[in-house]
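Q: Following this line is my_file13.csv, made up of CSV, C-alpha atoms and all ligand atoms:
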```
chain,number,residue,atom,x,y,z
A,153,MET,CA,0.0,0.0,0.0
A,154,LYS,CA,1.4,3.4,-0.9
A,155,ASN,CA,-0.5,5.5,1.6
A,156,ASN,CA,-0.5,4.3,5.2
A,157,ILE,CA,-2.8,7.1,6.3
A,158,ILE,CA,-5.9,5.3,5.1
A,159,LYS,CA,-6.9,2.1,6.8
A,160,PHE,CA,-9.2,-0.2,5.0
A,161,LYS,CA,-10.1,-3.9,5.1
A,162,ILE,CA,-11.3,-6.4,2.5
A,163,ILE,CA,-14.5,-8.0,3.5
A,164,ARG,CA,-17.5,-10.0,2.3
A,165,LEU,CA,-20.8,-8.4,2.9
A,166,PRO,CA,-23.7,-10.0,4.9
A,167,VAL,CA,-27.0,-10.0,3.0
A,168,ASN,CA,-28.5,-7.4,5.3
A,169,ARG,CA,-26.1,-4.8,4.0
A,170,TRP,CA,-27.4,-5.1,0.4
A,171,LYS,CA,-28.4,-1.5,0.2
A,172,GLU,CA,-24.7,-0.4,0.6
A,173,TYR,CA,-23.7,-2.8,-2.2
A,174,ARG,CA,-26.4,-1.4,-4.4
A,175,THR,CA,-25.3,2.2,-3.7
A,176,LEU,CA,-21.7,1.5,-4.4
A,177,ARG,CA,-22.5,-0.3,-7.7
A,178,LEU,CA,-24.8,2.6,-8.8
A,179,ILE,CA,-22.2,5.2,-8.0
A,180,GLY,CA,-19.7,3.2,-10.0
A,181,LEU,CA,-22.0,3.1,-13.0
A,182,LYS,CA,-22.4,6.8,-12.7
A,183,THR,CA,-18.8,7.9,-12.2
A,184,ASP,CA,-17.2,5.5,-14.7
A,185,PRO,CA,-19.9,4.4,-17.2
A,186,GLN,CA,-17.3,3.6,-19.8
A,187,ALA,CA,-15.7,1.0,-17.6
A,188,PHE,CA,-18.7,-1.3,-17.4
A,189,GLY,CA,-21.1,-3.2,-19.6
A,190,ARG,CA,-24.2,-2.4,-17.6
A,191,SER,CA,-25.9,1.0,-17.6
A,192,LEU,CA,-26.9,3.0,-14.6
A,193,ARG,CA,-30.5,3.2,-16.0
A,194,GLU,CA,-30.7,-0.6,-16.2
A,195,ALA,CA,-29.2,-1.2,-12.8
A,196,LYS,CA,-31.5,1.3,-11.1
A,197,LYS,CA,-34.4,-0.9,-12.2
A,198,TYR,CA,-33.2,-4.1,-10.6
A,199,PRO,CA,-35.5,-5.3,-7.8
A,200,ASP,CA,-34.1,-5.5,-4.2
A,201,LYS,CA,-34.1,-9.3,-4.7
A,202,PHE,CA,-31.3,-9.0,-7.3
A,203,TRP,CA,-28.9,-7.3,-4.9
A,204,LYS,CA,-29.8,-9.6,-2.0
A,205,ASP,CA,-29.5,-12.7,-4.1
A,206,ALA,CA,-26.0,-11.7,-5.3
A,207,LEU,CA,-24.8,-11.2,-1.7
A,208,ARG,CA,-26.5,-14.5,-0.7
A,209,LYS,CA,-24.7,-16.3,-3.4
A,210,SER,CA,-21.4,-14.6,-2.4
A,211,THR,CA,-21.6,-16.1,1.1
A,212,THR,CA,-21.0,-19.6,-0.2
A,213,ALA,CA,-18.6,-18.5,-3.0
A,214,LYS,CA,-19.6,-21.5,-5.1
A,215,GLU,CA,-20.8,-19.7,-8.2
A,216,TYR,CA,-20.0,-16.1,-7.3
A,217,VAL,CA,-18.2,-14.0,-4.8
A,218,VAL,CA,-17.8,-10.3,-4.3
A,219,PHE,CA,-15.2,-8.7,-2.1
A,220,PHE,CA,-15.6,-5.2,-0.7
A,221,ALA,CA,-13.1,-2.7,0.6
A,222,GLU,CA,-14.4,-1.0,3.7
A,223,CYS,CA,-13.0,2.1,5.2
A,224,ASN,CA,-14.5,3.6,8.5
A,225,GLN,CA,-17.5,1.3,8.0
A,226,LYS,CA,-18.1,2.7,4.5
A,227,LEU,CA,-17.8,0.6,1.4
A,228,VAL,CA,-15.2,2.2,-0.9
A,229,GLY,CA,-14.5,-0.5,-3.5
A,230,MET,CA,-15.4,-4.0,-4.8
A,231,PHE,CA,-14.3,-6.9,-7.0
A,232,GLY,CA,-16.5,-9.7,-8.2
A,233,LEU,CA,-15.7,-13.2,-9.4
A,234,THR,CA,-17.9,-15.6,-11.2
A,235,PHE,CA,-17.1,-19.3,-11.2
A,236,LEU,CA,-18.4,-20.9,-14.3
A,237,GLN,CA,-20.6,-24.0,-14.0
A,238,GLY,CA,-20.9,-27.0,-16.3
A,239,ASP,CA,-18.7,-30.0,-16.8
A,240,LYS,CA,-16.6,-28.5,-19.5
A,241,ILE,CA,-16.1,-24.9,-18.2
A,242,LYS,CA,-15.9,-25.3,-14.4
A,243,HIS,CA,-12.2,-24.6,-14.5
A,244,ARG,CA,-12.8,-21.0,-15.5
A,245,ALA,CA,-13.5,-17.9,-13.4
A,246,LYS,CA,-14.4,-14.4,-14.6
A,247,SER,CA,-13.8,-11.1,-12.9
A,248,THR,CA,-16.5,-8.5,-12.7
A,249,MET,CA,-17.4,-5.1,-11.2
A,250,PHE,CA,-13.9,-4.0,-10.2
A,251,TYR,CA,-14.3,-0.5,-8.8
A,252,VAL,CA,-13.0,1.9,-6.2
A,253,LEU,CA,-14.6,5.3,-5.4
A,254,PRO,CA,-12.7,8.1,-7.0
A,255,ALA,CA,-11.7,9.8,-3.7
A,256,PHE,CA,-10.1,6.5,-2.6
A,257,ARG,CA,-8.1,5.7,-5.7
A,258,GLY,CA,-4.3,5.4,-5.8
A,259,MET,CA,-4.1,4.2,-2.2
A,260,GLY,CA,-3.7,0.5,-2.9
A,261,ILE,CA,-7.3,-0.5,-2.4
A,262,GLY,CA,-7.8,-1.8,-5.9
A,263,SER,CA,-4.5,-3.8,-5.6
A,264,ALA,CA,-5.7,-5.3,-2.3
A,265,LEU,CA,-9.1,-6.3,-3.7
A,266,PHE,CA,-7.3,-7.8,-6.7
A,267,LYS,CA,-4.9,-9.8,-4.5
A,268,GLU,CA,-7.7,-11.1,-2.3
A,269,ALA,CA,-9.6,-12.2,-5.4
A,270,MET,CA,-6.5,-14.0,-6.8
A,271,ARG,CA,-5.9,-15.6,-3.4
A,272,THR,CA,-9.5,-17.0,-3.4
A,273,VAL,CA,-9.1,-18.3,-6.9
A,274,LYS,CA,-5.9,-20.1,-6.0
A,275,GLN,CA,-7.7,-21.8,-3.1
A,276,LYS,CA,-10.2,-23.2,-5.6
A,277,ARG,CA,-8.0,-25.9,-7.1
A,278,ARG,CA,-10.3,-26.7,-9.9
A,279,ILE,CA,-9.9,-23.1,-11.4
A,280,LYS,CA,-7.2,-23.1,-14.1
A,281,LYS,CA,-8.0,-19.9,-15.8
A,282,ILE,CA,-9.3,-16.4,-15.0
A,283,GLU,CA,-10.8,-14.3,-17.6
A,284,SER,CA,-11.3,-10.5,-17.6
A,285,SER,CA,-12.0,-7.6,-19.9
A,286,VAL,CA,-11.0,-4.0,-19.7
A,287,ASN,CA,-12.5,-1.3,-21.8
A,288,PHE,CA,-10.2,1.0,-23.6
A,289,GLY,CA,-9.4,4.1,-21.5
A,290,GLN,CA,-9.3,2.2,-18.2
A,291,GLU,CA,-5.5,2.3,-18.0
A,292,ASP,CA,-5.3,1.9,-14.2
A,293,SER,CA,-7.3,-1.3,-14.4
A,294,LEU,CA,-5.3,-2.6,-17.3
A,295,ARG,CA,-2.0,-2.0,-15.5
A,296,LEU,CA,-3.3,-3.8,-12.4
A,297,HIS,CA,-4.4,-6.8,-14.4
A,298,GLN,CA,-1.0,-7.0,-16.0
A,299,LYS,CA,0.8,-6.6,-12.7
A,300,ASN,CA,-1.3,-9.6,-11.4
A,301,GLY,CA,-0.2,-11.8,-14.3
A,302,PHE,CA,-3.0,-11.2,-16.8
A,303,LYS,CA,-2.0,-11.2,-20.5
A,304,ILE,CA,-3.9,-9.4,-23.3
A,305,ILE,CA,-5.2,-12.1,-25.7
A,306,GLY,CA,-7.2,-9.9,-28.0
A,307,ILE,CA,-9.2,-6.8,-28.6
A,308,ALA,CA,-12.9,-6.8,-29.1
A,309,LYS,CA,-14.0,-3.9,-31.2
A,310,LYS,CA,-17.0,-1.7,-30.5
A,311,GLU,CA,-17.8,-3.7,-27.4
A,312,ILE,CA,-20.0,-1.1,-25.7
A,313,LYS,CA,-21.7,2.0,-26.9
A,314,ILE,CA,-22.5,5.1,-24.8
A,315,GLY,CA,-24.4,7.8,-26.7
A,316,ASN,CA,-22.7,7.8,-30.1
A,317,LYS,CA,-19.3,6.6,-28.9
A,318,PHE,CA,-18.1,3.0,-29.2
A,319,TYR,CA,-15.5,1.6,-26.9
A,320,ASP,CA,-13.2,-1.3,-27.8
A,321,GLN,CA,-12.2,-3.8,-25.1
A,322,TYR,CA,-9.0,-5.7,-24.1
A,323,LEU,CA,-9.7,-9.3,-23.5
A,324,LEU,CA,-7.4,-10.7,-20.8
A,325,GLU,CA,-6.7,-14.1,-19.2
A,326,LYS,CA,-4.4,-15.6,-16.6
A,327,ILE,CA,-3.6,-19.2,-16.8
A,328,LEU,CA,-3.0,-20.9,-13.4
A,401,LIG,C1,-9.1,0.3,-11.5
A,401,LIG,C2,-9.4,0.8,-10.1
A,401,LIG,C3,-10.4,-0.2,-9.4
A,401,LIG,C4,-8.1,0.8,-9.3
A,401,LIG,O1,-8.3,1.1,-8.0
A,401,LIG,P1,-7.2,1.9,-7.0
A,401,LIG,O2,-7.7,1.7,-5.6
A,401,LIG,O3,-6.9,3.2,-7.6
A,401,LIG,O4,-6.0,0.9,-7.3
A,401,LIG,P2,-4.5,1.1,-6.6
A,401,LIG,O5,-4.5,2.2,-5.6
A,401,LIG,O6,-4.1,-0.2,-6.2
A,401,LIG,O7,-3.7,1.7,-7.8
A,401,LIG,C5,-3.7,1.2,-9.1
A,401,LIG,C6,-2.8,2.1,-10.0
A,401,LIG,O8,-3.5,3.3,-10.4
A,401,LIG,C7,-2.8,4.5,-10.0
A,401,LIG,N1,-3.9,5.4,-9.6
A,401,LIG,C8,-5.2,5.2,-9.8
A,401,LIG,N2,-5.9,6.3,-9.3
A,401,LIG,C9,-5.0,7.1,-8.8
A,401,LIG,C10,-5.2,8.4,-8.2
A,401,LIG,N3,-6.4,9.0,-8.1
A,401,LIG,N4,-4.1,9.0,-7.8
A,401,LIG,C11,-2.9,8.4,-8.0
A,401,LIG,N5,-2.7,7.3,-8.6
A,401,LIG,C12,-3.8,6.6,-9.0
A,401,LIG,C13,-1.9,4.0,-9.0
A,401,LIG,O9,-0.8,4.8,-8.9
A,401,LIG,C14,-1.6,2.6,-9.4
A,401,LIG,O10,-0.6,2.5,-10.4
A,401,LIG,P3,0.8,1.8,-10.1
A,401,LIG,O11,0.5,0.5,-9.4
A,401,LIG,O12,1.3,1.6,-11.5
A,401,LIG,O13,1.5,2.7,-9.3
A,401,LIG,C15,-10.0,2.2,-10.0
A,401,LIG,O14,-9.1,3.1,-10.7
A,401,LIG,C16,-11.3,2.4,-10.7
A,401,LIG,O15,-12.3,2.1,-10.0
A,401,LIG,N6,-11.4,2.8,-11.9
A,401,LIG,C17,-12.7,3.1,-12.6
A,401,LIG,C18,-13.4,1.8,-12.9
A,401,LIG,C19,-12.6,0.8,-13.6
A,401,LIG,O16,-11.9,1.1,-14.5
A,401,LIG,N7,-12.8,-0.5,-13.3
A,401,LIG,C20,-12.2,-1.6,-13.9
A,401,LIG,C21,-13.1,-2.3,-14.8
A,401,LIG,S1,-12.3,-3.6,-15.7
```
Spit out the file's structure as structure tokens when you get a sec.
Ligand SMILES: CC(C)(COP(=O)(O)OP(=O)(O)OC[C@H]1O[C@@H](n2cnc3c(N)ncnc32)[C@H](O)[C@@H]1OP(=O)(O)O)[C@@H](O)C(=O)NCCC(=O)NCCS

A:
Amino acid sequence: MKNNIIKFKIIRLPVNRWKEYRTLRLIGLKTDPQAFGRSLREAKKYPDKFWKDALRKSTTAKEYVVFFAECNQKLVGMFGLTFLQGDKIKHRAKSTMFYVLPAFRGMGIGSALFKEAMRTVKQKRRIKKIESSVNFGQEDSLRLHQKNGFKIIGIAKKEIKIGNKFYDQYLLEKIL
């Protein structure tokens, strides 16, 4: 961590804190729309059950897990992992929803979330590959992926569209 002034911890969230999860996710879709595939407009419409179910799933970490960074009891960042199901694909995991509030960036929170996610993946011995994607322009995220052993395996053109602007996307993977 570069800045020792800030103290944070990486946690999993109990289901009863689902509103905080929702709030952080919606803020992320608002501050950095070009980083994510989902739109704020869509996410705002999700029923409460959507957020609760996601956290409920996360408690067992069988199909899905989301880590949060907490600072003074406030959620400031998150990182999700989906574990693919099915005989032929259950060795794969996918990263999602990597985000840190703008005021808390550059302090090592993203790196800590990333490391915790990688540690969890390693513990799941069936996982042999982690997949991720980073939209063009998200340089901090791309660098963090590369620092954590991800390699760019391709570029998907025009992957998302916001207004009239298209964004290409780096496709990344890490073989374990
Ligand atoms: C990507 C992201 C999660 C990284 O979180 P973070 O807490 O800033 O990560 P870290 O503090 O561990 O720093 C990561 C790098 O970004 C740099 N950085 C990012 N924001 C910074 C800031 N505001 N001030 C200074 N440095 C910053 C750091 O110096 C570091 O680079 P280095 O390791 O080469 O020195 C965060 O930038 C973010 O939420 N971005 C917008 C959403 C996004 O792109 N998500 C990824 C989708 S794939």

Q: Which residue gives the smallest distance to ligand LIG 401 (chain A) among A:Met230, A:Val167, A:Cys223, A:Ile312, with all atoms listed in the file counted?

A: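 Closest to ligand LIG 401 (chain A), using all atoms listed in the file: A:Met230.
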
Q: With all atoms listed in the file as the atoms that count, which of A:Asn224, A:Asn168, A:Thr183, A:Ser210 lies nearest to A:Leu253?

A: A:Thr183

Q: Kindly provide the residues of chain A that approach ligand LIG 401 (chain A) to within 9 Å, each paired with its closest atom pair and their distance in Å to one decimal, based on only C-alpha atoms and all ligand atoms, listed by chain and increasing number, as JSON lines.

A:
```
{"residue": "A:Met153", "atom": "CA", "partner": "A:LIG401", "partner_atom": "O6", "distance": 7.4}
{"residue": "A:Lys154", "atom": "CA", "partner": "A:LIG401", "partner_atom": "O5", "distance": 7.6}
{"residue": "A:Asn155", "atom": "CA", "partner": "A:LIG401", "partner_atom": "O5", "distance": 8.9}
{"residue": "A:Gly180", "atom": "CA", "partner": "A:LIG401", "partner_atom": "C18", "distance": 7.1}
{"residue": "A:Leu181", "atom": "CA", "partner": "A:LIG401", "partner_atom": "C18", "distance": 8.7}
{"residue": "A:Thr183", "atom": "CA", "partner": "A:LIG401", "partner_atom": "C17", "distance": 7.8}
{"residue": "A:Asp184", "atom": "CA", "partner": "A:LIG401", "partner_atom": "C17", "distance": 5.5}
{"residue": "A:Pro185", "atom": "CA", "partner": "A:LIG401", "partner_atom": "C18", "distance": 8.2}
{"residue": "A:Gln186", "atom": "CA", "partner": "A:LIG401", "partner_atom": "O16", "distance": 8.0}
{"residue": "A:Ala187", "atom": "CA", "partner": "A:LIG401", "partner_atom": "O16", "distance": 4.9}
{"residue": "A:Phe188", "atom": "CA", "partner": "A:LIG401", "partner_atom": "C21", "distance": 6.3}
{"residue": "A:Val228", "atom": "CA", "partner": "A:LIG401", "partner_atom": "O2", "distance": 8.9}
{"residue": "A:Gly229", "atom": "CA", "partner": "A:LIG401", "partner_atom": "C3", "distance": 7.2}
{"residue": "A:Met230", "atom": "CA", "partner": "A:LIG401", "partner_atom": "C3", "distance": 7.8}
{"residue": "A:Phe231", "atom": "CA", "partner": "A:LIG401", "partner_atom": "C3", "distance": 8.1}
{"residue": "A:Ser247", "atom": "CA", "partner": "A:LIG401", "partner_atom": "S1", "distance": 8.1}
{"residue": "A:Thr248", "atom": "CA", "partner": "A:LIG401", "partner_atom": "S1", "distance": 7.1}
{"residue": "A:Met249", "atom": "CA", "partner": "A:LIG401", "partner_atom": "C21", "distance": 6.3}
{"residue": "A:Phe250", "atom": "CA", "partner": "A:LIG401", "partner_atom": "C20", "distance": 4.7}
{"residue": "A:Tyr251", "atom": "CA", "partner": "A:LIG401", "partner_atom": "O15", "distance": 3.5}
{"residue": "A:Val252", "atom": "CA", "partner": "A:LIG401", "partner_atom": "O15", "distance": 3.9}
{"residue": "A:Leu253", "atom": "CA", "partner": "A:LIG401", "partner_atom": "O15", "distance": 6.1}
{"residue": "A:Pro254", "atom": "CA", "partner": "A:LIG401", "partner_atom": "N3", "distance": 6.5}
{"residue": "A:Ala255", "atom": "CA", "partner": "A:LIG401", "partner_atom": "N3", "distance": 6.9}
{"residue": "A:Phe256", "atom": "CA", "partner": "A:LIG401", "partner_atom": "O2", "distance": 6.1}
{"residue": "A:Arg257", "atom": "CA", "partner": "A:LIG401", "partner_atom": "O3", "distance": 3.4}
{"residue": "A:Gly258", "atom": "CA", "partner": "A:LIG401", "partner_atom": "O5", "distance": 3.2}
{"residue": "A:Met259", "atom": "CA", "partner": "A:LIG401", "partner_atom": "O5", "distance": 4.0}
{"residue": "A:Gly260", "atom": "CA", "partner": "A:LIG401", "partner_atom": "O5", "distance": 3.3}
{"residue": "A:Ile261", "atom": "CA", "partner": "A:LIG401", "partner_atom": "O2", "distance": 3.9}
{"residue": "A:Gly262", "atom": "CA", "partner": "A:LIG401", "partner_atom": "O2", "distance": 3.5}
{"residue": "A:Ser263", "atom": "CA", "partner": "A:LIG401", "partner_atom": "O6", "distance": 3.7}
{"residue": "A:Ala264", "atom": "CA", "partner": "A:LIG401", "partner_atom": "O6", "distance": 6.6}
{"residue": "A:Leu265", "atom": "CA", "partner": "A:LIG401", "partner_atom": "O6", "distance": 8.3}
{"residue": "A:Phe266", "atom": "CA", "partner": "A:LIG401", "partner_atom": "O6", "distance": 8.3}
{"residue": "A:Ser284", "atom": "CA", "partner": "A:LIG401", "partner_atom": "S1", "distance": 7.2}
{"residue": "A:Ser285", "atom": "CA", "partner": "A:LIG401", "partner_atom": "S1", "distance": 5.8}
{"residue": "A:Val286", "atom": "CA", "partner": "A:LIG401", "partner_atom": "S1", "distance": 4.2}
{"residue": "A:Asn287", "atom": "CA", "partner": "A:LIG401", "partner_atom": "S1", "distance": 6.5}
{"residue": "A:Gly289", "atom": "CA", "partner": "A:LIG401", "partner_atom": "O16", "distance": 8.0}
{"residue": "A:Gln290", "atom": "CA", "partner": "A:LIG401", "partner_atom": "O16", "distance": 4.7}
{"residue": "A:Glu291", "atom": "CA", "partner": "A:LIG401", "partner_atom": "O16", "distance": 7.4}
{"residue": "A:Asp292", "atom": "CA", "partner": "A:LIG401", "partner_atom": "O8", "distance": 4.4}
{"residue": "A:Ser293", "atom": "CA", "partner": "A:LIG401", "partner_atom": "C1", "distance": 3.8}
{"residue": "A:Leu294", "atom": "CA", "partner": "A:LIG401", "partner_atom": "S1", "distance": 7.2}
{"residue": "A:Arg295", "atom": "CA", "partner": "A:LIG401", "partner_atom": "O12", "distance": 6.3}
{"residue": "A:Leu296", "atom": "CA", "partner": "A:LIG401", "partner_atom": "C5", "distance": 6.0}
{"residue": "A:His297", "atom": "CA", "partner": "A:LIG401", "partner_atom": "S1", "distance": 8.6}
{"residue": "A:Lys299", "atom": "CA", "partner": "A:LIG401", "partner_atom": "O11", "distance": 7.8}
```

Q: Select, counting only C-alpha atoms, all protein, DNA and RNA residues no farther than 12 Å from (-1.7, -12.3, -18.3) in file coordinates, and express the selection as number ranges by chain.

A: A: 281-285, 294-306, 322-328

Q: Which of these residues is nearest to A:Val218, using only C-alpha atoms: A:Lys267, A:Asn316, A:Arg164, A:Arg193?

A: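 Closest residue, counting only C-alpha atoms: A:Arg164.
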
Q: Quick one: distance from atom CA of A:Lys274 to atom CA of A:Arg208 in Å, one decimal?

A: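 Result for atom CA of A:Lys274 versus atom CA of A:Arg208: 22.0 Å, one decimal.
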
Q: Please provide the set of residues having any atom within 12 Å of A:Gln237, restricted to all atoms listed in the file, with same-chain residues fewer than 3 positions apart removed, written as a short mmCIF file (atom, residue, chain, number, x, y, z; two decimals) with C-alpha atoms, in the coordinates of the input.

A:
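Below you can see out06.cif, which holds the result:
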```cif
data_model
loop_
_atom_site.label_atom_id
_atom_site.label_comp_id
_atom_site.auth_asym_id
_atom_site.auth_seq_id
_atom_site.Cartn_x
_atom_site.Cartn_y
_atom_site.Cartn_z
CA LYS A 214 -19.60 -21.50 -5.10
CA GLU A 215 -20.80 -19.70 -8.20
CA TYR A 216 -20.00 -16.10 -7.30
CA THR A 234 -17.90 -15.60 -11.20
CA LYS A 240 -16.60 -28.50 -19.50
CA ILE A 241 -16.10 -24.90 -18.20
CA LYS A 242 -15.90 -25.30 -14.40
CA HIS A 243 -12.20 -24.60 -14.50
CA ARG A 244 -12.80 -21.00 -15.50
CA ALA A 245 -13.50 -17.90 -13.40
CA LYS A 246 -14.40 -14.40 -14.60
CA ARG A 278 -10.30 -26.70 -9.90
CA ILE A 279 -9.90 -23.10 -11.40
#
```

Q: Could you pull the residues within 10 Å of A:Arg174, counting only C-alpha atoms, minus those fewer than 5 positions along the same chain, as a list in words?

A: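 Residues meeting the cut-off are Arg169, Ile179, Gly180, Ala195, Lys196, Tyr198, Asp200, Phe202, Trp203 and Lys204 of chain A.
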
Q: Enter the distance from atom CA of A:Glu172 to atom CA of A:Gln225, in Å, rounded to one decimal.

A: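 Atom CA of A:Gln225 lies at a distance of 10.5 Å from atom CA of A:Glu172.
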
Q: Hey, which of A:Lys171, A:Lys317, A:Lys182, A:Ala221 ends up closest to A:Pro199? Count all atoms listed in the file.

A: A:Lys171

Q: What does the distance from atom CA of A:Phe235 to atom CA of A:Ala213 come to in Å, to one decimal?

A: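 For atom CA of A:Phe235 relative to atom CA of A:Ala213, the distance reads 8.4 Å.
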
Q: Closest to A:Lys310 among A:Arg271, A:Leu165, A:Phe219, A:Phe288, using only C-alpha atoms?

A: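 Going through A:Arg271, A:Leu165, A:Phe219, A:Phe288 one by one, the smallest distance to A:Lys310 is for A:Phe288.
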